[in-house]
Amino acid sequence: MGLHRFKPLPSGRMGILWTLATIRDAALVEFGCMGHMLYSGVTLKRAGVHDACRLYSTHIDETDIALGSTERLNHTLDNVIKRDQPRVIFLLPSSIPEVIGTDLPALCEELQPEYPDVRLLPFGYGGFNVTQHRGVQEALLLLAQTLPVEVQPTLQPTFNIIGSCADLFRFQADALELVRILEGTFGIKPLCVLTSAASVADIEQMGGAHINLVIRREGEPAARHLQQRFGTPYLLGRPYGLDGTRRWLEEIAQLAGLTADSAFLRAQQELCRQQLAAIMPAFAHMVRAHPAETALSLGGHADVVKGILAFGCGELAFAKGTCWCDCPEMASGDIPYFAEAEWTRAVREHKQGILMASGEALAWADRNPELQISNPDIKWRLHPFEPPLMGFRGAVQLANLWINENIED
């Protein structure tokens, strides 16, 4: 793993945990050490995850490891089912059982007949050879492959959101904004917001949706599977800015054959323009006379960086600063991956312009914490009702942050 001054790149196990932890009417049992789940539970509460998946650990000791005993798993499942009566139990290996080769799928297959009313669903990637983002991808795909039941499309058009997971900054606020826009523009309701506002029953009904909206690339394999099984079209993208959100809605209308409520859409766009009208001349002046002050430097999830960059440098004509993503598999020529040594150097050397990154990076560099766009976070987020970064309201929020950053500088 190497030495790190800050948090290392999370493992696939963490990505799976953050994906599953928001699902209601389910429980998650980790076959691993007690400390893992205690620490993870606090992290999830800090992110605003409450009253969702019940989290447990079997707790293993040296005897279990040396002898390969799995009796603790059997006892834990018994207790969880009696206490919570979940519809599904997700089973997650920690690093030690993964390294010694514990066959969790085989154990689930052996134990499943004892619990006919509860689905046992094992997950892999407990080791350190897979990153967080691959864990998110595999968790979303396995959920889409196993839980949806055979259903007919709903009588009225509906949609699913795929990829709203607890590892993304302000994941709940962004999902709420997208639901608000879609209900107002098309009069359609969500069947499932996977996974930030999903229950087991919601996931089971995903096949009835008329379109799947994938808001991070890790969700595309799940969307492709649902398209093959149910014929549901999908759209991949995160809508940022006025023009970006409008284009996103136009693509949805075309893919799903929907007609937009032009009055709602016009009112939303006009409201945003009115809210931005006071600062647009100031932005234009800074871009023309002081371009370095509006250079936009971003670090975080590749799709988040790409979307915010398109809004700032496209619609507002900001200059592009230093941009990077937090996953080596998502790196591109425009948005490379920065390991710790590289992003700390980029943050330290940032002198002019707007810097948006993780809460951890901004705190270390003594920069404006309001410009956070990614995790690790350093604050508690007890409720989802913070300003979003996506959609129409997100465009106003970003512009508001940027103008105040320039005024304060």
# chains A, B, ... in the order shown; residues from 1 in each chain; ligands from 1
>>> select_by_dssp(residues="region 136-189 of chain A", states="alpha helix (DSSP H)", output="list of chain:residue names")
A:Val136, A:Gln137, A:Glu138, A:Ala139, A:Leu140, A:Leu141, A:Leu142, A:Leu143, A:Ala144, A:Gln145, A:Thr146, A:Phe171, A:Gln172, A:Ala173, A:Asp174, A:Ala175, A:Leu176, A:Glu177, A:Leu178, A:Val179, A:Arg180, A:Ile181, A:Leu182, A:Glu183, A:Gly184, A:Thr185, A:Phe186
>>> write_last_selection(atoms="N, CA, C and O atoms", output="compact mmCIF listing (two decimals), in the first residue's frame")
# COMPACT_ATOMS: atom_id res chain seq x y z
N VAL A 136 -17.55 0.14 -6.50
CA VAL A 136 -18.85 0.75 -6.77
C VAL A 136 -19.46 0.14 -8.03
O VAL A 136 -20.65 -0.21 -8.06
N GLN A 137 -18.66 0.00 -9.07
CA GLN A 137 -19.15 -0.56 -10.32
C GLN A 137 -19.67 -1.97 -10.15
O GLN A 137 -20.77 -2.32 -10.63
N GLU A 138 -18.91 -2.80 -9.47
CA GLU A 138 -19.31 -4.19 -9.29
C GLU A 138 -20.54 -4.31 -8.41
O GLU A 138 -21.40 -5.17 -8.63
N ALA A 139 -20.65 -3.45 -7.39
CA ALA A 139 -21.83 -3.49 -6.52
C ALA A 139 -23.08 -3.09 -7.29
O ALA A 139 -24.13 -3.75 -7.17
N LEU A 140 -23.02 -2.02 -8.07
CA LEU A 140 -24.17 -1.59 -8.85
C LEU A 140 -24.58 -2.66 -9.86
O LEU A 140 -25.77 -2.93 -10.06
N LEU A 141 -23.59 -3.29 -10.48
CA LEU A 141 -23.89 -4.32 -11.47
C LEU A 141 -24.54 -5.54 -10.82
O LEU A 141 -25.54 -6.07 -11.33
N LEU A 142 -24.00 -5.99 -9.69
CA LEU A 142 -24.57 -7.17 -9.05
C LEU A 142 -25.99 -6.90 -8.55
O LEU A 142 -26.86 -7.77 -8.64
N LEU A 143 -26.24 -5.70 -8.04
CA LEU A 143 -27.61 -5.35 -7.64
C LEU A 143 -28.56 -5.42 -8.84
O LEU A 143 -29.67 -5.95 -8.73
N ALA A 144 -28.12 -4.87 -9.98
CA ALA A 144 -28.97 -4.87 -11.17
C ALA A 144 -29.17 -6.27 -11.73
O ALA A 144 -30.22 -6.55 -12.33
N GLN A 145 -28.21 -7.14 -11.53
CA GLN A 145 -28.30 -8.50 -12.07
C GLN A 145 -29.18 -9.41 -11.21
O GLN A 145 -29.77 -10.36 -11.75
N THR A 146 -29.25 -9.14 -9.92
CA THR A 146 -29.87 -10.11 -9.02
C THR A 146 -31.22 -9.71 -8.43
O THR A 146 -32.08 -10.58 -8.22
N PHE A 171 -24.02 13.76 -2.55
CA PHE A 171 -24.74 12.81 -3.39
C PHE A 171 -26.24 12.92 -3.21
O PHE A 171 -27.01 12.81 -4.17
N GLN A 172 -26.70 13.15 -1.99
CA GLN A 172 -28.14 13.23 -1.75
C GLN A 172 -28.73 14.52 -2.31
O GLN A 172 -29.80 14.51 -2.92
N ALA A 173 -28.06 15.64 -2.10
CA ALA A 173 -28.56 16.92 -2.59
C ALA A 173 -28.65 16.93 -4.12
O ALA A 173 -29.62 17.43 -4.70
N ASP A 174 -27.64 16.37 -4.78
CA ASP A 174 -27.66 16.33 -6.25
C ASP A 174 -28.80 15.45 -6.75
O ASP A 174 -29.50 15.80 -7.72
N ALA A 175 -29.02 14.31 -6.11
CA ALA A 175 -30.11 13.43 -6.54
C ALA A 175 -31.47 14.10 -6.35
O ALA A 175 -32.35 13.99 -7.21
N LEU A 176 -31.64 14.80 -5.24
CA LEU A 176 -32.90 15.50 -5.01
C LEU A 176 -33.16 16.57 -6.07
O LEU A 176 -34.29 16.77 -6.51
N GLU A 177 -32.10 17.26 -6.49
CA GLU A 177 -32.26 18.28 -7.53
C GLU A 177 -32.65 17.66 -8.87
O GLU A 177 -33.51 18.17 -9.58
N LEU A 178 -32.06 16.53 -9.20
CA LEU A 178 -32.41 15.87 -10.46
C LEU A 178 -33.86 15.38 -10.44
O LEU A 178 -34.59 15.51 -11.43
N VAL A 179 -34.28 14.80 -9.31
CA VAL A 179 -35.67 14.36 -9.20
C VAL A 179 -36.62 15.55 -9.34
O VAL A 179 -37.64 15.46 -10.03
N ARG A 180 -36.29 16.65 -8.71
CA ARG A 180 -37.13 17.85 -8.79
C ARG A 180 -37.26 18.34 -10.23
O ARG A 180 -38.37 18.63 -10.71
N ILE A 181 -36.17 18.40 -10.94
CA ILE A 181 -36.18 18.89 -12.33
C ILE A 181 -36.97 17.94 -13.23
O ILE A 181 -37.77 18.38 -14.07
N LEU A 182 -36.76 16.65 -13.06
CA LEU A 182 -37.44 15.67 -13.92
C LEU A 182 -38.93 15.64 -13.66
O LEU A 182 -39.74 15.53 -14.60
N GLU A 183 -39.33 15.74 -12.40
CA GLU A 183 -40.77 15.78 -12.10
C GLU A 183 -41.40 17.04 -12.67
O GLU A 183 -42.51 16.99 -13.21
N GLY A 184 -40.71 18.18 -12.58
CA GLY A 184 -41.27 19.41 -13.10
C GLY A 184 -41.27 19.49 -14.61
O GLY A 184 -42.23 19.99 -15.21
N THR A 185 -40.22 18.95 -15.25
CA THR A 185 -40.10 19.05 -16.71
C THR A 185 -40.98 18.06 -17.43
O THR A 185 -41.63 18.38 -18.42
N PHE A 186 -41.01 16.82 -16.94
CA PHE A 186 -41.73 15.77 -17.66
C PHE A 186 -42.90 15.18 -16.87
O PHE A 186 -43.64 14.34 -17.42
>>> residues_around(residues="Pro86 (chain A)", least_positions_apart="6", cutoff="10 Å", atoms="only C-alpha atoms", output="list of chain:residue names")
A:Arg24, A:Asp25, A:Ala26, A:Ala27, A:Leu28, A:Cys53, A:Arg54, A:Val80, A:Asp117, A:Val118, A:Arg119, A:Val200
>>> closest_residue(among="A:Leu265, A:Leu20, A:Leu226, A:Ala198", to="Ala166 (chain A)", atoms="only C-alpha atoms")
A:Leu20
>>> closest_residue(among="A:Leu77, A:Leu316, A:Ala357, A:Leu258", to="Met280 (chain A)", atoms="only C-alpha atoms")
A:Leu316
>>> closest_residue(among="A:Asn160, A:Gln269, A:Gln274, A:Asn79", to="Leu235 (chain A)", atoms="only C-alpha atoms")
A:Asn160
>>> select_by_dssp(residues="region 235-354 of chain A", states="strand (DSSP E)", output="list in words")
Leu235, Leu236, Leu296, Ser297, Leu298, Gly299, Gly300, Lys320, Gly321, Thr322, Cys323, Trp324, Cys325 and Ile354 of chain A
>>> write_last_selection(atoms="N, CA and C atoms", output="PDB file, in the first residue's frame")
ATOM      1  N   LEU A 235     -29.097   6.961 -20.324  1.00  0.00           N
ATOM      2  CA  LEU A 235     -28.302   8.147 -20.648  1.00  0.00           C
ATOM      3  C   LEU A 235     -27.224   8.286 -19.591  1.00  0.00           C
ATOM      4  N   LEU A 236     -25.977   8.416 -20.031  1.00  0.00           N
ATOM      5  CA  LEU A 236     -24.845   8.599 -19.133  1.00  0.00           C
ATOM      6  C   LEU A 236     -24.434  10.060 -19.122  1.00  0.00           C
ATOM      7  N   LEU A 296      -9.803  27.789 -13.471  1.00  0.00           N
ATOM      8  CA  LEU A 296     -10.554  26.826 -12.661  1.00  0.00           C
ATOM      9  C   LEU A 296      -9.745  25.545 -12.519  1.00  0.00           C
ATOM     10  N   SER A 297      -9.299  25.260 -11.290  1.00  0.00           N
ATOM     11  CA  SER A 297      -8.556  24.039 -10.984  1.00  0.00           C
ATOM     12  C   SER A 297      -9.452  23.118 -10.170  1.00  0.00           C
ATOM     13  N   LEU A 298      -9.531  21.860 -10.582  1.00  0.00           N
ATOM     14  CA  LEU A 298     -10.487  20.922  -9.989  1.00  0.00           C
ATOM     15  C   LEU A 298      -9.830  19.578  -9.725  1.00  0.00           C
ATOM     16  N   GLY A 299     -10.182  18.948  -8.592  1.00  0.00           N
ATOM     17  CA  GLY A 299      -9.724  17.606  -8.291  1.00  0.00           C
ATOM     18  C   GLY A 299     -10.829  16.785  -7.654  1.00  0.00           C
ATOM     19  N   GLY A 300     -11.078  15.600  -8.179  1.00  0.00           N
ATOM     20  CA  GLY A 300     -12.130  14.748  -7.628  1.00  0.00           C
ATOM     21  C   GLY A 300     -12.496  13.641  -8.591  1.00  0.00           C
ATOM     22  N   LYS A 320      -8.906  27.184 -18.022  1.00  0.00           N
ATOM     23  CA  LYS A 320      -8.716  25.892 -17.367  1.00  0.00           C
ATOM     24  C   LYS A 320      -7.411  25.905 -16.588  1.00  0.00           C
ATOM     25  N   GLY A 321      -7.488  25.549 -15.303  1.00  0.00           N
ATOM     26  CA  GLY A 321      -6.297  25.442 -14.478  1.00  0.00           C
ATOM     27  C   GLY A 321      -5.807  24.006 -14.446  1.00  0.00           C
ATOM     28  N   THR A 322      -5.268  23.590 -13.321  1.00  0.00           N
ATOM     29  CA  THR A 322      -4.788  22.221 -13.138  1.00  0.00           C
ATOM     30  C   THR A 322      -5.952  21.342 -12.693  1.00  0.00           C
ATOM     31  N   CYS A 323      -6.233  20.304 -13.455  1.00  0.00           N
ATOM     32  CA  CYS A 323      -7.368  19.413 -13.141  1.00  0.00           C
ATOM     33  C   CYS A 323      -6.875  17.979 -13.045  1.00  0.00           C
ATOM     34  N   TRP A 324      -7.457  17.233 -12.127  1.00  0.00           N
ATOM     35  CA  TRP A 324      -7.054  15.854 -11.955  1.00  0.00           C
ATOM     36  C   TRP A 324      -8.224  15.038 -11.412  1.00  0.00           C
ATOM     37  N   CYS A 325      -8.127  13.711 -11.573  1.00  0.00           N
ATOM     38  CA  CYS A 325      -9.158  12.821 -11.036  1.00  0.00           C
ATOM     39  C   CYS A 325      -8.538  11.922  -9.976  1.00  0.00           C
ATOM     40  N   ILE A 354      -9.334  29.681  -9.004  1.00  0.00           N
ATOM     41  CA  ILE A 354     -10.294  28.991  -8.139  1.00  0.00           C
ATOM     42  C   ILE A 354      -9.865  27.536  -8.001  1.00  0.00           C
TER      43      ILE A 354
END
>>> decode(residues="region 156-190 of chain A", atoms="N, CA, C and O atoms", output="PDB file, in the first residue's frame")
ATOM      1  N   GLN A 156     -47.562   5.047 -16.389  1.00  0.00           N
ATOM      2  CA  GLN A 156     -47.056   6.396 -16.588  1.00  0.00           C
ATOM      3  C   GLN A 156     -45.529   6.344 -16.640  1.00  0.00           C
ATOM      4  O   GLN A 156     -44.907   5.535 -15.950  1.00  0.00           O
ATOM      5  N   PRO A 157     -44.901   7.183 -17.467  1.00  0.00           N
ATOM      6  CA  PRO A 157     -43.433   7.151 -17.580  1.00  0.00           C
ATOM      7  C   PRO A 157     -42.741   7.358 -16.239  1.00  0.00           C
ATOM      8  O   PRO A 157     -43.147   8.192 -15.429  1.00  0.00           O
ATOM      9  N   THR A 158     -41.699   6.583 -16.001  1.00  0.00           N
ATOM     10  CA  THR A 158     -40.909   6.659 -14.776  1.00  0.00           C
ATOM     11  C   THR A 158     -39.432   6.557 -15.137  1.00  0.00           C
ATOM     12  O   THR A 158     -39.072   6.240 -16.269  1.00  0.00           O
ATOM     13  N   PHE A 159     -38.586   6.795 -14.143  1.00  0.00           N
ATOM     14  CA  PHE A 159     -37.145   6.736 -14.389  1.00  0.00           C
ATOM     15  C   PHE A 159     -36.428   6.161 -13.185  1.00  0.00           C
ATOM     16  O   PHE A 159     -36.948   6.162 -12.060  1.00  0.00           O
ATOM     17  N   ASN A 160     -35.226   5.657 -13.426  1.00  0.00           N
ATOM     18  CA  ASN A 160     -34.293   5.285 -12.373  1.00  0.00           C
ATOM     19  C   ASN A 160     -33.065   6.185 -12.472  1.00  0.00           C
ATOM     20  O   ASN A 160     -32.658   6.573 -13.568  1.00  0.00           O
ATOM     21  N   ILE A 161     -32.485   6.515 -11.340  1.00  0.00           N
ATOM     22  CA  ILE A 161     -31.173   7.146 -11.289  1.00  0.00           C
ATOM     23  C   ILE A 161     -30.187   6.093 -10.807  1.00  0.00           C
ATOM     24  O   ILE A 161     -30.430   5.435  -9.793  1.00  0.00           O
ATOM     25  N   ILE A 162     -29.099   5.908 -11.529  1.00  0.00           N
ATOM     26  CA  ILE A 162     -28.101   4.896 -11.188  1.00  0.00           C
ATOM     27  C   ILE A 162     -26.767   5.588 -10.902  1.00  0.00           C
ATOM     28  O   ILE A 162     -26.257   6.317 -11.753  1.00  0.00           O
ATOM     29  N   GLY A 163     -26.236   5.362  -9.705  1.00  0.00           N
ATOM     30  CA  GLY A 163     -24.914   5.885  -9.387  1.00  0.00           C
ATOM     31  C   GLY A 163     -24.874   6.953  -8.318  1.00  0.00           C
ATOM     32  O   GLY A 163     -23.830   7.567  -8.103  1.00  0.00           O
ATOM     33  N   SER A 164     -25.990   7.193  -7.648  1.00  0.00           N
ATOM     34  CA  SER A 164     -26.003   8.150  -6.543  1.00  0.00           C
ATOM     35  C   SER A 164     -25.577   7.414  -5.279  1.00  0.00           C
ATOM     36  O   SER A 164     -26.397   6.821  -4.589  1.00  0.00           O
ATOM     37  N   CYS A 165     -24.282   7.456  -4.993  1.00  0.00           N
ATOM     38  CA  CYS A 165     -23.724   6.655  -3.895  1.00  0.00           C
ATOM     39  C   CYS A 165     -23.005   7.542  -2.887  1.00  0.00           C
ATOM     40  O   CYS A 165     -22.602   8.663  -3.199  1.00  0.00           O
ATOM     41  N   ALA A 166     -22.820   7.006  -1.693  1.00  0.00           N
ATOM     42  CA  ALA A 166     -22.352   7.801  -0.564  1.00  0.00           C
ATOM     43  C   ALA A 166     -20.901   8.233  -0.675  1.00  0.00           C
ATOM     44  O   ALA A 166     -20.441   9.036   0.136  1.00  0.00           O
ATOM     45  N   ASP A 167     -20.156   7.723  -1.647  1.00  0.00           N
ATOM     46  CA  ASP A 167     -18.763   8.152  -1.783  1.00  0.00           C
ATOM     47  C   ASP A 167     -18.630   9.484  -2.503  1.00  0.00           C
ATOM     48  O   ASP A 167     -17.564  10.097  -2.482  1.00  0.00           O
ATOM     49  N   LEU A 168     -19.703   9.952  -3.143  1.00  0.00           N
ATOM     50  CA  LEU A 168     -19.664  11.225  -3.852  1.00  0.00           C
ATOM     51  C   LEU A 168     -20.110  12.354  -2.926  1.00  0.00           C
ATOM     52  O   LEU A 168     -21.052  12.206  -2.146  1.00  0.00           O
ATOM     53  N   PHE A 169     -19.466  13.499  -3.040  1.00  0.00           N
ATOM     54  CA  PHE A 169     -19.791  14.653  -2.220  1.00  0.00           C
ATOM     55  C   PHE A 169     -21.169  15.197  -2.604  1.00  0.00           C
ATOM     56  O   PHE A 169     -21.472  15.356  -3.780  1.00  0.00           O
ATOM     57  N   ARG A 170     -21.993  15.464  -1.616  1.00  0.00           N
ATOM     58  CA  ARG A 170     -23.364  15.965  -1.779  1.00  0.00           C
ATOM     59  C   ARG A 170     -24.206  15.065  -2.696  1.00  0.00           C
ATOM     60  O   ARG A 170     -25.005  15.543  -3.507  1.00  0.00           O
ATOM     61  N   PHE A 171     -24.019  13.758  -2.550  1.00  0.00           N
ATOM     62  CA  PHE A 171     -24.742  12.814  -3.392  1.00  0.00           C
ATOM     63  C   PHE A 171     -26.245  12.925  -3.206  1.00  0.00           C
ATOM     64  O   PHE A 171     -27.011  12.806  -4.173  1.00  0.00           O
ATOM     65  N   GLN A 172     -26.697  13.154  -1.988  1.00  0.00           N
ATOM     66  CA  GLN A 172     -28.141  13.232  -1.747  1.00  0.00           C
ATOM     67  C   GLN A 172     -28.729  14.519  -2.305  1.00  0.00           C
ATOM     68  O   GLN A 172     -29.797  14.513  -2.921  1.00  0.00           O
ATOM     69  N   ALA A 173     -28.059  15.640  -2.101  1.00  0.00           N
ATOM     70  CA  ALA A 173     -28.563  16.925  -2.593  1.00  0.00           C
ATOM     71  C   ALA A 173     -28.649  16.930  -4.120  1.00  0.00           C
ATOM     72  O   ALA A 173     -29.624  17.427  -4.700  1.00  0.00           O
ATOM     73  N   ASP A 174     -27.644  16.374  -4.779  1.00  0.00           N
ATOM     74  CA  ASP A 174     -27.665  16.327  -6.246  1.00  0.00           C
ATOM     75  C   ASP A 174     -28.804  15.448  -6.752  1.00  0.00           C
ATOM     76  O   ASP A 174     -29.495  15.805  -7.721  1.00  0.00           O
ATOM     77  N   ALA A 175     -29.016  14.309  -6.113  1.00  0.00           N
ATOM     78  CA  ALA A 175     -30.109  13.427  -6.544  1.00  0.00           C
ATOM     79  C   ALA A 175     -31.466  14.100  -6.352  1.00  0.00           C
ATOM     80  O   ALA A 175     -32.352  13.993  -7.212  1.00  0.00           O
ATOM     81  N   LEU A 176     -31.645  14.797  -5.245  1.00  0.00           N
ATOM     82  CA  LEU A 176     -32.902  15.499  -5.005  1.00  0.00           C
ATOM     83  C   LEU A 176     -33.157  16.568  -6.067  1.00  0.00           C
ATOM     84  O   LEU A 176     -34.292  16.767  -6.513  1.00  0.00           O
ATOM     85  N   GLU A 177     -32.103  17.260  -6.491  1.00  0.00           N
ATOM     86  CA  GLU A 177     -32.259  18.277  -7.526  1.00  0.00           C
ATOM     87  C   GLU A 177     -32.648  17.658  -8.867  1.00  0.00           C
ATOM     88  O   GLU A 177     -33.514  18.174  -9.585  1.00  0.00           O
ATOM     89  N   LEU A 178     -32.062  16.528  -9.199  1.00  0.00           N
ATOM     90  CA  LEU A 178     -32.413  15.869 -10.459  1.00  0.00           C
ATOM     91  C   LEU A 178     -33.859  15.376 -10.437  1.00  0.00           C
ATOM     92  O   LEU A 178     -34.585  15.514 -11.427  1.00  0.00           O
ATOM     93  N   VAL A 179     -34.282  14.803  -9.313  1.00  0.00           N
ATOM     94  CA  VAL A 179     -35.674  14.356  -9.196  1.00  0.00           C
ATOM     95  C   VAL A 179     -36.617  15.546  -9.338  1.00  0.00           C
ATOM     96  O   VAL A 179     -37.643  15.464 -10.029  1.00  0.00           O
ATOM     97  N   ARG A 180     -36.288  16.654  -8.712  1.00  0.00           N
ATOM     98  CA  ARG A 180     -37.129  17.854  -8.792  1.00  0.00           C
ATOM     99  C   ARG A 180     -37.256  18.339 -10.233  1.00  0.00           C
ATOM    100  O   ARG A 180     -38.371  18.630 -10.708  1.00  0.00           O
ATOM    101  N   ILE A 181     -36.168  18.399 -10.945  1.00  0.00           N
ATOM    102  CA  ILE A 181     -36.180  18.887 -12.331  1.00  0.00           C
ATOM    103  C   ILE A 181     -36.968  17.944 -13.232  1.00  0.00           C
ATOM    104  O   ILE A 181     -37.767  18.384 -14.068  1.00  0.00           O
ATOM    105  N   LEU A 182     -36.761  16.646 -13.057  1.00  0.00           N
ATOM    106  CA  LEU A 182     -37.436  15.670 -13.921  1.00  0.00           C
ATOM    107  C   LEU A 182     -38.934  15.643 -13.659  1.00  0.00           C
ATOM    108  O   LEU A 182     -39.738  15.533 -14.599  1.00  0.00           O
ATOM    109  N   GLU A 183     -39.334  15.741 -12.403  1.00  0.00           N
ATOM    110  CA  GLU A 183     -40.768  15.779 -12.100  1.00  0.00           C
ATOM    111  C   GLU A 183     -41.402  17.039 -12.675  1.00  0.00           C
ATOM    112  O   GLU A 183     -42.512  16.994 -13.207  1.00  0.00           O
ATOM    113  N   GLY A 184     -40.713  18.177 -12.577  1.00  0.00           N
ATOM    114  CA  GLY A 184     -41.271  19.410 -13.100  1.00  0.00           C
ATOM    115  C   GLY A 184     -41.274  19.485 -14.607  1.00  0.00           C
ATOM    116  O   GLY A 184     -42.228  19.993 -15.209  1.00  0.00           O
ATOM    117  N   THR A 185     -40.216  18.955 -15.254  1.00  0.00           N
ATOM    118  CA  THR A 185     -40.096  19.055 -16.709  1.00  0.00           C
ATOM    119  C   THR A 185     -40.984  18.059 -17.427  1.00  0.00           C
ATOM    120  O   THR A 185     -41.629  18.380 -18.421  1.00  0.00           O
ATOM    121  N   PHE A 186     -41.012  16.825 -16.942  1.00  0.00           N
ATOM    122  CA  PHE A 186     -41.727  15.768 -17.658  1.00  0.00           C
ATOM    123  C   PHE A 186     -42.905  15.179 -16.875  1.00  0.00           C
ATOM    124  O   PHE A 186     -43.637  14.344 -17.421  1.00  0.00           O
ATOM    125  N   GLY A 187     -43.075  15.558 -15.620  1.00  0.00           N
ATOM    126  CA  GLY A 187     -44.136  14.973 -14.815  1.00  0.00           C
ATOM    127  C   GLY A 187     -43.909  13.509 -14.514  1.00  0.00           C
ATOM    128  O   GLY A 187     -44.883  12.759 -14.333  1.00  0.00           O
ATOM    129  N   ILE A 188     -42.652  13.076 -14.455  1.00  0.00           N
ATOM    130  CA  ILE A 188     -42.342  11.665 -14.224  1.00  0.00           C
ATOM    131  C   ILE A 188     -41.790  11.471 -12.816  1.00  0.00           C
ATOM    132  O   ILE A 188     -41.181  12.362 -12.238  1.00  0.00           O
ATOM    133  N   LYS A 189     -42.012  10.281 -12.289  1.00  0.00           N
ATOM    134  CA  LYS A 189     -41.608   9.950 -10.927  1.00  0.00           C
ATOM    135  C   LYS A 189     -40.462   8.942 -10.948  1.00  0.00           C
ATOM    136  O   LYS A 189     -40.346   8.131 -11.870  1.00  0.00           O
ATOM    137  N   PRO A 190     -39.623   8.942  -9.909  1.00  0.00           N
ATOM    138  CA  PRO A 190     -38.556   7.938  -9.839  1.00  0.00           C
ATOM    139  C   PRO A 190     -39.076   6.607  -9.315  1.00  0.00           C
ATOM    140  O   PRO A 190     -39.880   6.570  -8.381  1.00  0.00           O
TER     141      PRO A 190
END
